[in-house]
Every structure is written in C-alpha cells, then in structure tokens.
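Undergrad: Dropping a structure here in structure tokens format, bear with me for questions.
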Amino acid sequence: MDGFWLAALKVLIAFALLFNIVLVLVWVERRLVARMQNRIGPNRAGPAGMLQTLADGLKLMFKESIDPRRAQLGIYLAAPVLALIPALLIFLIIPIGAPITIGDTTYDLQVTDLNIAVLYFLAMSSIAVYAIVLAGWSSGSKYPLLGSVRAAAQMISYEAALGLALVPVILYNRTTSLAEIVAAQGGTFFGIFPAWNIVLIPSFIVFLIAGFAETNRAPFDLVEAEQELVGGYHTEYSGFRFALFFLAEYINLFNISALTVVFFLGGWHGPVFGPTFLQYLLPIFWFLLKTAAVIFVFIWARASLPRMRYDQLMEFGWKRLIPLSLVWIMVVMVAVGLRRFGLPWS
Amino acid sequence: MTIGDWLTESANWAFLFLAIPTFVASVMVVSSRNVVRAVLYLVIALGGSAALFLMLGAEFVGWTVVLVYIGAVIILFLIGIMITRAPLTKSVDLSHPISAKAPAALLSVLLFGVVAWAVVESFGLETIPLPEEATRTGEIGLSIFTSWVIPFEVVSFVLLAALIGGIVLARKDEPAEVP
C-alpha cells in the first residue's frame, strides 16, 4: 500500500477510535463519579446506560444553536472547531501498540512518528489555549471573558511546568520521538522491574499535575467554575457547538493520559506471549489498560478533591512545580552526563 | 529561469500556497482596525512562516515558532488586550499621525532592503536542493553548542537583560510604611 493511502487509512481509524473512546469515556466518568458520590448515574439508555453519551450527543445536535447578539460571529463560530483540531492532531503522534509486521512491511501503530514529537505535542497544547481565549472573548459577555482570561493564564503557567517535566525524559532517553521513547523503555532493571521512565518520579508527578491543569479538570477547573462563572468560557455556546467543546475536553483527557503512559509508564510494553495474533494484540491491550488506569486517577481526583483558589493555583504552579522541575532537570542532567562521560577529571 | 519554468515545479506551488496567505496576513496585521483581529492575522502570518520552515525540512525551527510565538507570545498579547481594554464590539482607534507612520514605514523598507540584499549577495541565483528528510534535532543541538556557541550565549544574555528589564519596569514597590 503506498504511503498516502496508508496514512489516510490510519487517520480514518484514529478518528473512529477517538470518537468511540470519548463515548465510552464520558459514560465511565459519569458512572464512576456517581458511584463515588453514592449515586447511581445514567443507567437507562442501553446496557447499564452505555448509550447515554450517544443519546446526549444526538440531542445536542438537534438543539438550536443560539448566536448571542453581541458576539463576534466569525470568531465565535470558529472557536469550537479550533478547540477540536489540536485535540485530534495530538492523537496522531501517540503510538498505541507495537509495530506490526505483515509480509515484509512493518506498520507502525501510530499515524506519524515525528522525530520532534515532544515539541509538537507542546505546540499543539499551546494552540488549544486559543480556542478557549477566543471563545470567551468573542461571546461578548462577562462570564466567558473572565473564564477565558483565567484559562489562558492557567494553561500558560502549567504548560511551562508540562514542558519542563518532559526535559528529563528527553535527557534520559536521548530522543524526542515518541516511538523511540517507548522503545527505550523496553528493558528491565535487575531483570525484574520494567525499565519505565517512572524512575524519573518528580517528572512524573509534575507532568500528571500539570496534565490536570492543562485539561482544566478538578482540582484545577477554575476555568469553568460553575458557582462563580456560570459555565466559564462556553457559557454562551449551545447545541452542537457546545458538544464540540465537550468532545475536545474528553479527547484531551484521553490524550494526556495516553501521553503519561507513553512518557512514563512504558507505552505499550508489557508481558507478551502466545500465538502471533496475540503478540500483536497484547501491546495494544497493555497500552489501553495503562491509559485506563491513568484516566481512573483523573476521575478519582475529580470526585475527591475540592477546587483550588485562584491565587493558590498560580502560586503552586510558579513557586512549587516550576522550581521543582528546574532543580530536578539539573539533577538528571548531572546523572546522565556522569553515566555517559564519566567523571570530568577521569 | 522564467516564471513559466518556475511554476512547473510542484514545490514552488506549495511555496506560493503558503507564502501568499502569509504575505496577505502580514499586510492585514498593520492595516486592520481592530486590535484583536490584527493579533489573529499575526497568528496566521506566523503560522505561515512556521509552515515554510517545515517545508524546508527545518522541523525543529518550525515547531519552535508555533510553540514560542503562536503558543506563548501572541497569547500574552491577547490576554493583555482583553484585560486592559477588551474592545468587544467597538474597535479602538488605531490610526496614527503621518509623523509616526513615516519613520516606521521607512525603517521597515530599510530592514527589508538589508535582509533581501544580504540573501541575494550570499546566495544569488544558486539553488539549494530541498533536504531529503527533516534535519535531526540532535544535529541542531550539536551545532548550536559547538560552532555557534558564542552567538547563542550572546542571545541568551540579551534575553536575560530583557527579562530583568521587564521585571524592573513591571514591579511596583509598595511605599514604605510610615511608622
């Protein structure tokens, strides 16, 4: 199969996969949070309520989309699409399984392996801020504007921490390609422990916390603090436009969890055995299982932690996370340098 | 080489496809009446230049432009505009007297002339083949920290000075408490 059609096919599969994941994800989150809060949650549409998200989506599609009178219509309409695009684009670089060899061609289970993937991910997540800022500004109303100013400040601050948390990973694995980062985590320590990047514990913690802030989820969901801001940046959006924001939010949640797995939890590595088809399916299974575990942590935190105050949020980002990452980068730098070059005087 | 020859190459069509919107957007940045729209045109212009870098195989530079300029600098512009004047529907008066416009225009033309002269002088009609694949980031890192380490350090020193200057300008010391 020549390059173009293969890429087109991969994009199509990635697209379908992502939308199905979101359908399941929203349902899982609602059910889980409901259980943690001693409620039942959606249980009517389909088996155990699994089709609830689909029903909600269809309903939103048929609802009227209202244009606020004071909105800047062009930007107002572009913002939801702009929210979805970076979310979809980030997924393209995530390797979801081991490369599959059929005949003598090897197919990577990721749409594209950029050799600069880490930078690409950071660039895309910084573009995601635009959707929120523009949505808030173009709505022509106060609450969305306040929400979006908060969002922009929060996302820029935590993006710095997110990027700094990835520097040790790059130093340690000596590559910026996600496929190679996963490949570098293949071995074991002392023959027992898998050689995942989770040994860079401070990075892992900073990345996870910054991930909470980047996806605007509790305890960092000040962006859409319902009690203060009605709904935040998407207050004025209704119908399908709101659905697009919602979709982007959940795709981002999946992306950040998947990237946590790729960067720190060994990607698709796991015990592989059995016949050939199982050897191809098991890495995908391990990848999805680990991602599900990280997503569970995200949902768990949402159900158990209260929202932070705005000044606490900013102080935590700039005065705790970023200095911690900087010190940790120096430690890793020295360690990696010693391992590679030995002592300077030897 | 005539224009007709030039247009037979598909890479040149891709170049035009990127360069024309970039150019138009750059003109719109300075001619737009609404500040927020001007900033958004700047995003398009920067995105176009990032895409041109990508087309030339300079992946690192391309994505860095997106990350630093589009992702951080312009967003800060937007926040600054939104929390200071927030011109939601009415546009701010952006017209300046000719005495301010003329030196700016002159300076821009001069700068363009100098850059264009430097490019023509050093390369002329020599064509540089497009690289087969993107430059590896590792090589860029090596060349920055070996052959270009002095310019790199100078630039970082300038940035440090700018950072300190920014803090000094923005910092407002509380007046001392009168006991």
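Letters A, B, ... mark the chains of the structure tokens in the order given; residue numbers begin at 1 per chain; ligand numbers begin at 1, in order shown.
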Residues of chain B that have any atom at most 7 Å from an atom of chain A: could you tabulate them with the shortest-distance atom pair and the distance in Å to one decimal, using only C-alpha atoms, ordered by chain and increasing number, as CSV?
TA:
residue,atom,partner,partner_atom,distance
B:Phe60,CA,A:Ile116,CA,6.7
B:Trp63,CA,A:Tyr120,CA,6.1
B:Val66,CA,A:Ala123,CA,5.8
B:Leu67,CA,A:Ala123,CA,4.2
B:Gly71,CA,A:Ser126,CA,4.7
B:Ile79,CA,A:Val149,CA,6.4
B:Leu88,CA,A:Gly140,CA,6.1
Undergrad: For the structure I just gave you, how does DSSP split range 73-300 of chain A - specifically, which residues are strand (DSSP E)? Reply as a list in words.
TA: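 Here is the list: Ile100, Thr101, Ile102, Thr105, Thr106, Tyr107, Thr188, Phe189, Phe193 and Pro194 of chain A.
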Undergrad: Hey, what's within 12 Å of Phe273 in chain A if we count only C-alpha atoms and toss same-chain stuff fewer than 5 positions away? As a list in words, please?
TA: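 Once the adjacent positions are removed, what remains is Leu278, Gln279, Tyr280, Leu281, Leu282 and Pro283 of chain A.
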Undergrad: Would you mind exporting N, CA, C and O atoms of the selected residues as a PDB file, in the first residue's frame?
TA:
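Dumped to part_33.pdb:
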ATOM      1  N   LEU A 278      -1.930 -12.822  19.009  1.00  0.00           N
ATOM      2  CA  LEU A 278      -1.966 -12.351  20.391  1.00  0.00           C
ATOM      3  C   LEU A 278      -0.778 -11.430  20.663  1.00  0.00           C
ATOM      4  O   LEU A 278      -0.894 -10.441  21.391  1.00  0.00           O
ATOM      5  N   GLN A 279       0.359 -11.743  20.003  1.00  0.00           N
ATOM      6  CA  GLN A 279       1.535 -10.897  20.197  1.00  0.00           C
ATOM      7  C   GLN A 279       1.315  -9.499  19.636  1.00  0.00           C
ATOM      8  O   GLN A 279       1.942  -8.546  20.078  1.00  0.00           O
ATOM      9  N   TYR A 280       0.416  -9.398  18.642  1.00  0.00           N
ATOM     10  CA  TYR A 280       0.110  -8.073  18.116  1.00  0.00           C
ATOM     11  C   TYR A 280      -0.939  -7.362  18.957  1.00  0.00           C
ATOM     12  O   TYR A 280      -0.901  -6.148  19.109  1.00  0.00           O
ATOM     13  N   LEU A 281      -1.870  -8.138  19.499  1.00  0.00           N
ATOM     14  CA  LEU A 281      -2.973  -7.508  20.230  1.00  0.00           C
ATOM     15  C   LEU A 281      -2.592  -7.135  21.656  1.00  0.00           C
ATOM     16  O   LEU A 281      -3.050  -6.125  22.180  1.00  0.00           O
ATOM     17  N   LEU A 282      -1.712  -7.952  22.281  1.00  0.00           N
ATOM     18  CA  LEU A 282      -1.403  -7.695  23.691  1.00  0.00           C
ATOM     19  C   LEU A 282      -0.796  -6.311  23.944  1.00  0.00           C
ATOM     20  O   LEU A 282      -1.213  -5.646  24.894  1.00  0.00           O
ATOM     21  N   PRO A 283       0.177  -5.846  23.110  1.00  0.00           N
ATOM     22  CA  PRO A 283       0.693  -4.493  23.366  1.00  0.00           C
ATOM     23  C   PRO A 283      -0.403  -3.433  23.356  1.00  0.00           C
ATOM     24  O   PRO A 283      -0.414  -2.546  24.221  1.00  0.00           O
TER      25      PRO A 283
END
Undergrad: Excluding Ser304 in chain A and residues on its chain fewer than 3 positions from it, collect all residues at most 10 Å away from it, counting only C-alpha atoms, and give them as a CSV table (one decimal) with C-alpha atoms, in the first residue's frame.
TA:
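Once written, selection-v1.csv looks like this:
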chain,number,residue,atom,x,y,z
A,33,VAL,CA,-18.3,9.8,39.8
A,36,MET,CA,-18.0,7.7,44.4
A,37,GLN,CA,-20.7,10.2,45.4
A,218,ALA,CA,-10.7,19.3,39.1
A,219,PRO,CA,-8.9,20.4,41.2
A,299,ILE,CA,-11.7,10.8,37.5
A,300,TRP,CA,-10.9,9.8,41.1
A,301,ALA,CA,-9.2,13.2,41.7
A,307,ARG,CA,-11.3,23.2,43.6
Undergrad: Can you write out as JSON lines which residues of range 102-141 of chain B fall within 12 Å of range 30-41 of chain B, alongside each residue's closest atom pair and its distance in Å to one decimal, counting only C-alpha atoms and ordering rows by chain and ascending residue number?
TA:
{"residue": "B:Ala104", "atom": "CA", "partner": "B:Val30", "partner_atom": "CA", "distance": 11.0}
{"residue": "B:Ala105", "atom": "CA", "partner": "B:Val30", "partner_atom": "CA", "distance": 10.7}
{"residue": "B:Ser108", "atom": "CA", "partner": "B:Val30", "partner_atom": "CA", "distance": 11.8}
Undergrad: Record the distance separating CA of Pro95 in chain A and CA of Pro202 in chain A, expressed in Å with one decimal.
TA: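 Separation of CA of Pro95 in chain A and CA of Pro202 in chain A: 23.8 Å.
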Undergrad: So which residues touch range 118-130 of chain B within 8 Å, counting only C-alpha atoms, skipping near sequence neighbours fewer than 2 positions away, as a list in words?
TA: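 My reading of the contact set: Leu56, Gly57, Val114, Val115, Ala116 and Glu132 of chain B.
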Undergrad: Choose the residue, out of B:Leu52, B:Val24, B:Val149, B:Ala102, that has the smallest atom-to-atom separation from Asn12 in chain B; count only C-alpha atoms.
TA: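 Using only C-alpha atoms, the shortest distance to Asn12 in chain B belongs to B:Leu52.
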